[in-house]
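The structure under discussion appears below in the form of structure tokens.
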Amino acid sequence: MKAIERTDRIVYLDVLRGFALCGILFVNMPSFLGDRSTSEMGRWDQMIRLLFDLLIQTKFYTLFSVLFGAGFILFIDRLRVKNKSLWIFARRLVILLLFGLIHLLFWKGDILQTYALSGFFLLLFVKARPKTKLFFGIALQLYTFFLYLSIYLYARSVGDASIVEPDGKLQELVASRHLLDYIAYHATTELPIALANTLTIFPEILSLFLIGAYLMERFTVRPPTTRTLKIILAVSLILSIPMLYQIVIIHQGPVPDGLANYFFVWLSGRTLAVTYAVGIALLIRSGRSFSGFQALGRMALTNYLSHTLIFTALIFLTGAYETIPLWQGTLAVILILSGQIVFSRNYLNRHRQGPVEAVWRAGTYGSKPSDHV
């Protein structure tokens, strides 16, 4: 068996992070352009929305969150090897929180502040055994499952409705191209809502962090065999089928974007995230390099934040919000990701990390490290 390659960076984690970043952009794109109810879309957009729900929605923030937990273990291990204070990780989270708060001034869907605030709770598990992390991770996942299940049952009992809420104010600000008012609106309205939402979803995010931390500790000592990975791949695919079937059925009904649909989209995100992660691990072991995904992953923070800048520029240049078709947004995503792969490769030929990553590192350690290769 060939263990996952490990250097100062684990290649598999970079590849998986880059792959997840691609999915994240597809998921975020409708929000960047202005969410619309599925029933208001054209036929092609409805088909794309169905594919998003089947294959992308909730699958990739799950991967990203697990990767954050794995990165936590790597970071803490490096601090211990260098005999540095573990509170450096807390400083790292403070800087990530600042990035997230600034990001919220331009887009309501930021996840960085959620990761930062949830990440502080990881410090409670620094000395915990791997099994303890796994226990609390699973417990919080079960809590989240029963929460979503109760919401689903409530929707079925009283009648479901679309969870998409168009924002006429943002549409007005974009149409009039009032960027400063757009930022002010996010600061006074969207930012407080986003912070409140973090309180709701933080148990789920923390659970994924803990599961990622457990997997990092477990598989560093004993990586899974290829046979084990193939079994996990098959099982996760089989478990996904009933949920994906329900999503297809719901999309054929009168409320394709309600709470019932979201429950199965969320549930399938647990299993398909495993499928994707294991599938990439098997492909890497077979000799595939995925250098494009690896480059994206090494500059994930820079690329993630640049998505917002690009789409903010797009909507203000066109003056269009909640009107651009989903198929056009999908083409834009493909072009953006292709460009970012090229840019990331070229940038990393001259630098050790992305520009935002360099700022994050400098703030974390209190000094400016050498960034050139």
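Letters for chains follow the order of the structure tokens (A, B, ...), residue numbers begin at 1 for each chain, and ligand numbers begin at 1 in the order shown.
Non-sequential neighbours of stretch 141-150 of chain A (distance at most 9 Å, separation of 5 or more positions within a chain, only C-alpha atoms) are Phe136, Ala155, Ile201, Pro203, Glu204, Ile205, Ser207, Leu208, Leu259, Tyr262, Phe263, Trp266 and Leu267 of chain A.
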Please produce an output containing all heavy atoms for each residue in the selection, written as an mmCIF file, in the first residue's frame.
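The new file selection.cif reads:
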data_model
loop_
_atom_site.group_PDB
_atom_site.id
_atom_site.type_symbol
_atom_site.label_atom_id
_atom_site.label_comp_id
_atom_site.auth_asym_id
_atom_site.auth_seq_id
_atom_site.Cartn_x
_atom_site.Cartn_y
_atom_site.Cartn_z
ATOM 1 N N PHE A 136 -17.548 13.533 20.273
ATOM 2 C CA PHE A 136 -18.250 14.817 20.247
ATOM 3 C C PHE A 136 -18.620 15.218 18.827
ATOM 4 O O PHE A 136 -19.668 15.841 18.599
ATOM 5 C CB PHE A 136 -17.389 15.901 20.907
ATOM 6 C CG PHE A 136 -17.448 15.887 22.404
ATOM 7 C CD1 PHE A 136 -16.474 15.236 23.147
ATOM 8 C CD2 PHE A 136 -18.487 16.511 23.077
ATOM 9 C CE1 PHE A 136 -16.525 15.211 24.532
ATOM 10 C CE2 PHE A 136 -18.553 16.495 24.462
ATOM 11 C CZ PHE A 136 -17.573 15.836 25.194
ATOM 12 N N ALA A 155 -42.291 21.087 8.105
ATOM 13 C CA ALA A 155 -42.657 21.555 6.765
ATOM 14 C C ALA A 155 -43.665 20.608 6.114
ATOM 15 O O ALA A 155 -44.594 21.046 5.424
ATOM 16 C CB ALA A 155 -41.409 21.678 5.897
ATOM 17 N N ILE A 201 -25.565 27.435 13.069
ATOM 18 C CA ILE A 201 -24.873 26.347 12.369
ATOM 19 C C ILE A 201 -23.552 25.944 13.017
ATOM 20 O O ILE A 201 -22.943 24.959 12.598
ATOM 21 C CB ILE A 201 -24.606 26.723 10.895
ATOM 22 C CG1 ILE A 201 -23.607 27.876 10.795
ATOM 23 C CG2 ILE A 201 -25.900 27.068 10.183
ATOM 24 C CD1 ILE A 201 -23.184 28.195 9.376
ATOM 25 N N PRO A 203 -22.758 24.332 15.789
ATOM 26 C CA PRO A 203 -22.586 22.948 16.241
ATOM 27 C C PRO A 203 -22.236 21.987 15.102
ATOM 28 O O PRO A 203 -21.398 21.095 15.267
ATOM 29 C CB PRO A 203 -23.958 22.605 16.849
ATOM 30 C CG PRO A 203 -24.531 23.925 17.246
ATOM 31 C CD PRO A 203 -24.081 24.870 16.187
ATOM 32 N N GLU A 204 -22.864 22.199 13.936
ATOM 33 C CA GLU A 204 -22.548 21.344 12.795
ATOM 34 C C GLU A 204 -21.121 21.571 12.315
ATOM 35 O O GLU A 204 -20.389 20.609 12.033
ATOM 36 C CB GLU A 204 -23.515 21.616 11.644
ATOM 37 C CG GLU A 204 -23.197 20.788 10.408
ATOM 38 C CD GLU A 204 -23.960 21.235 9.176
ATOM 39 O OE1 GLU A 204 -24.739 22.192 9.255
ATOM 40 O OE2 GLU A 204 -23.767 20.603 8.124
ATOM 41 N N ILE A 205 -20.716 22.833 12.202
ATOM 42 C CA ILE A 205 -19.364 23.134 11.729
ATOM 43 C C ILE A 205 -18.327 22.586 12.699
ATOM 44 O O ILE A 205 -17.326 21.974 12.291
ATOM 45 C CB ILE A 205 -19.185 24.658 11.554
ATOM 46 C CG1 ILE A 205 -20.174 25.196 10.522
ATOM 47 C CG2 ILE A 205 -17.758 24.974 11.139
ATOM 48 C CD1 ILE A 205 -20.052 24.582 9.148
ATOM 49 N N SER A 207 -18.673 20.079 14.667
ATOM 50 C CA SER A 207 -18.661 18.617 14.554
ATOM 51 C C SER A 207 -17.789 18.157 13.389
ATOM 52 O O SER A 207 -17.036 17.186 13.508
ATOM 53 C CB SER A 207 -20.093 18.089 14.383
ATOM 54 O OG SER A 207 -20.595 18.339 13.078
ATOM 55 N N LEU A 208 -17.868 18.866 12.268
ATOM 56 C CA LEU A 208 -17.050 18.509 11.110
ATOM 57 C C LEU A 208 -15.572 18.793 11.374
ATOM 58 O O LEU A 208 -14.701 18.032 10.932
ATOM 59 C CB LEU A 208 -17.538 19.268 9.876
ATOM 60 C CG LEU A 208 -18.958 18.910 9.416
ATOM 61 C CD1 LEU A 208 -19.428 19.869 8.324
ATOM 62 C CD2 LEU A 208 -19.023 17.469 8.913
ATOM 63 N N LEU A 259 -38.011 23.470 2.424
ATOM 64 C CA LEU A 259 -37.312 22.823 3.525
ATOM 65 C C LEU A 259 -37.177 21.319 3.319
ATOM 66 O O LEU A 259 -36.174 20.719 3.729
ATOM 67 C CB LEU A 259 -38.059 23.108 4.833
ATOM 68 C CG LEU A 259 -38.022 24.560 5.313
ATOM 69 C CD1 LEU A 259 -38.988 24.765 6.467
ATOM 70 C CD2 LEU A 259 -36.606 24.954 5.724
ATOM 71 N N TYR A 262 -34.267 20.782 1.079
ATOM 72 C CA TYR A 262 -33.006 21.078 1.737
ATOM 73 C C TYR A 262 -32.598 19.957 2.690
ATOM 74 O O TYR A 262 -31.407 19.664 2.838
ATOM 75 C CB TYR A 262 -33.057 22.405 2.503
ATOM 76 C CG TYR A 262 -31.687 22.785 3.020
ATOM 77 C CD1 TYR A 262 -30.743 23.352 2.155
ATOM 78 C CD2 TYR A 262 -31.315 22.532 4.331
ATOM 79 C CE1 TYR A 262 -29.472 23.666 2.608
ATOM 80 C CE2 TYR A 262 -30.043 22.842 4.791
ATOM 81 C CZ TYR A 262 -29.129 23.402 3.920
ATOM 82 O OH TYR A 262 -27.867 23.692 4.364
ATOM 83 N N PHE A 263 -33.568 19.321 3.337
ATOM 84 C CA PHE A 263 -33.235 18.228 4.256
ATOM 85 C C PHE A 263 -32.490 17.119 3.528
ATOM 86 O O PHE A 263 -31.453 16.637 3.995
ATOM 87 C CB PHE A 263 -34.507 17.676 4.906
ATOM 88 C CG PHE A 263 -34.260 16.432 5.726
ATOM 89 C CD1 PHE A 263 -33.578 16.512 6.926
ATOM 90 C CD2 PHE A 263 -34.702 15.190 5.288
ATOM 91 C CE1 PHE A 263 -33.341 15.366 7.684
ATOM 92 C CE2 PHE A 263 -34.473 14.047 6.035
ATOM 93 C CZ PHE A 263 -33.789 14.137 7.239
ATOM 94 N N TRP A 266 -29.064 18.318 2.333
ATOM 95 C CA TRP A 266 -28.126 18.316 3.459
ATOM 96 C C TRP A 266 -27.683 16.896 3.789
ATOM 97 O O TRP A 266 -26.484 16.634 3.968
ATOM 98 C CB TRP A 266 -28.768 18.955 4.691
ATOM 99 C CG TRP A 266 -27.870 18.889 5.899
ATOM 100 C CD1 TRP A 266 -26.884 19.777 6.230
ATOM 101 C CD2 TRP A 266 -27.873 17.882 6.912
ATOM 102 N NE1 TRP A 266 -26.256 19.369 7.392
ATOM 103 C CE2 TRP A 266 -26.847 18.218 7.822
ATOM 104 C CE3 TRP A 266 -28.628 16.733 7.138
ATOM 105 C CZ2 TRP A 266 -26.559 17.432 8.950
ATOM 106 C CZ3 TRP A 266 -28.337 15.942 8.250
ATOM 107 C CH2 TRP A 266 -27.322 16.297 9.150
ATOM 108 N N LEU A 267 -28.634 15.979 3.848
ATOM 109 C CA LEU A 267 -28.317 14.602 4.222
ATOM 110 C C LEU A 267 -27.396 13.952 3.195
ATOM 111 O O LEU A 267 -26.442 13.249 3.556
ATOM 112 C CB LEU A 267 -29.615 13.799 4.360
ATOM 113 C CG LEU A 267 -29.572 12.513 5.191
ATOM 114 C CD1 LEU A 267 -29.059 12.801 6.602
ATOM 115 C CD2 LEU A 267 -30.959 11.889 5.250
#
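Every protein or nucleic acid residue with an atom no more than 6 Å from A:Ala116, counting only C-alpha atoms and leaving out same-chain residues fewer than 3 positions away, appears here: A:Leu93, A:Leu96, A:Leu97, A:Gln113, A:Gly119.
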Let's have the selection written as a PDB file, in the first residue's frame, with C-alpha atoms.
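Listing of again-v7.pdb after writing:
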ATOM      1  CA  LEU A  93      -8.381  32.618  14.211  1.00  0.00           C
ATOM      2  CA  LEU A  96      -9.420  34.865   9.984  1.00  0.00           C
ATOM      3  CA  LEU A  97     -12.359  36.483  11.788  1.00  0.00           C
ATOM      4  CA  GLN A 113     -16.195  34.278  10.342  1.00  0.00           C
ATOM      5  CA  GLY A 119     -12.545  27.280  15.613  1.00  0.00           C
TER       6      GLY A 119
END
For A:Leu50, the nearest of the candidates A:Leu314, A:Leu170, A:Leu179, A:Val265, counting only C-alpha atoms: A:Val265
Using only C-alpha atoms, which of A:Ile102, A:Ala295, A:Ile76, A:Ile56 sits nearest A:Tyr276? A:Ile56
Run DSSP on the backbone and grab whatever in stretch 98-235 of chain A lands in helix (DSSP H, G or I); send it over as a PyMOL selection string. chain A and resi 98-103+112-125+130-158+168-176+179-221+226-235
Write out as a PyMOL selection string which residues come within 7 Å of stretch 331-342 of chain A when counting only C-alpha atoms, dropping same-chain ones fewer than 2 positions away. chain A and resi 22+25-26+292+295-296+327-329+344-346
Export C-alpha atoms of the chosen residues as a PDB file, in the first residue's frame?
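Produced file again17.pdb, reproduced below:
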ATOM      1  CA  CYS A  22     -14.383  24.511  -7.176  1.00  0.00           C
ATOM      2  CA  LEU A  25     -17.817  28.541  -6.158  1.00  0.00           C
ATOM      3  CA  PHE A  26     -20.563  26.671  -8.011  1.00  0.00           C
ATOM      4  CA  GLY A 292      -4.461  22.154 -10.991  1.00  0.00           C
ATOM      5  CA  ALA A 295      -2.453  24.832  -6.924  1.00  0.00           C
ATOM      6  CA  LEU A 296      -6.000  26.047  -6.196  1.00  0.00           C
ATOM      7  CA  TRP A 327     -26.487  28.815 -17.056  1.00  0.00           C
ATOM      8  CA  GLN A 328     -24.589  32.048 -17.705  1.00  0.00           C
ATOM      9  CA  GLY A 329     -23.342  32.061 -14.123  1.00  0.00           C
ATOM     10  CA  SER A 344      -2.213  29.966  -9.024  1.00  0.00           C
ATOM     11  CA  ARG A 345       0.334  27.788 -10.804  1.00  0.00           C
ATOM     12  CA  ASN A 346       2.268  30.786 -12.076  1.00  0.00           C
TER      13      ASN A 346
END
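The environment of stretch 229-236 of chain A within 9 Å, counting only C-alpha atoms and disregarding residues fewer than 3 places along the same chain, consists of Pro224, Thr225, Thr226, Leu239, Ser240, Ile241, Arg270, Thr271, Leu272, Ala273, Val274, Thr275, Tyr276, Ala277, Val278, Gly279, Ala281 and Leu282 of chain A.
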Pairwise distance for atom CA of A:Asn303 and atom CA of A:Arg350, rounded to one decimal in Å: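 Answer for the atom CA of A:Asn303 to atom CA of A:Arg350 separation: 16.9 Å.
Of the residues listed (A:Pro254, A:Gly159, A:Gly71, A:Pro355), A:Pro355 shows the shortest atom-to-atom separation from A:Ser306; distances use only C-alpha atoms.
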A:Pro30: which residues within 9 Å, counting only C-alpha atoms, same-chain residues fewer than 3 positions away excluded, as number ranges by chain? A: 26-27, 33-36, 322, 326, 329-330
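With only C-alpha atoms as the atoms that count, the minimum distance from A:Arg218 to the choices A:Ala70, A:Ile324, A:Ile238, A:Leu112 is reached by A:Ala70.
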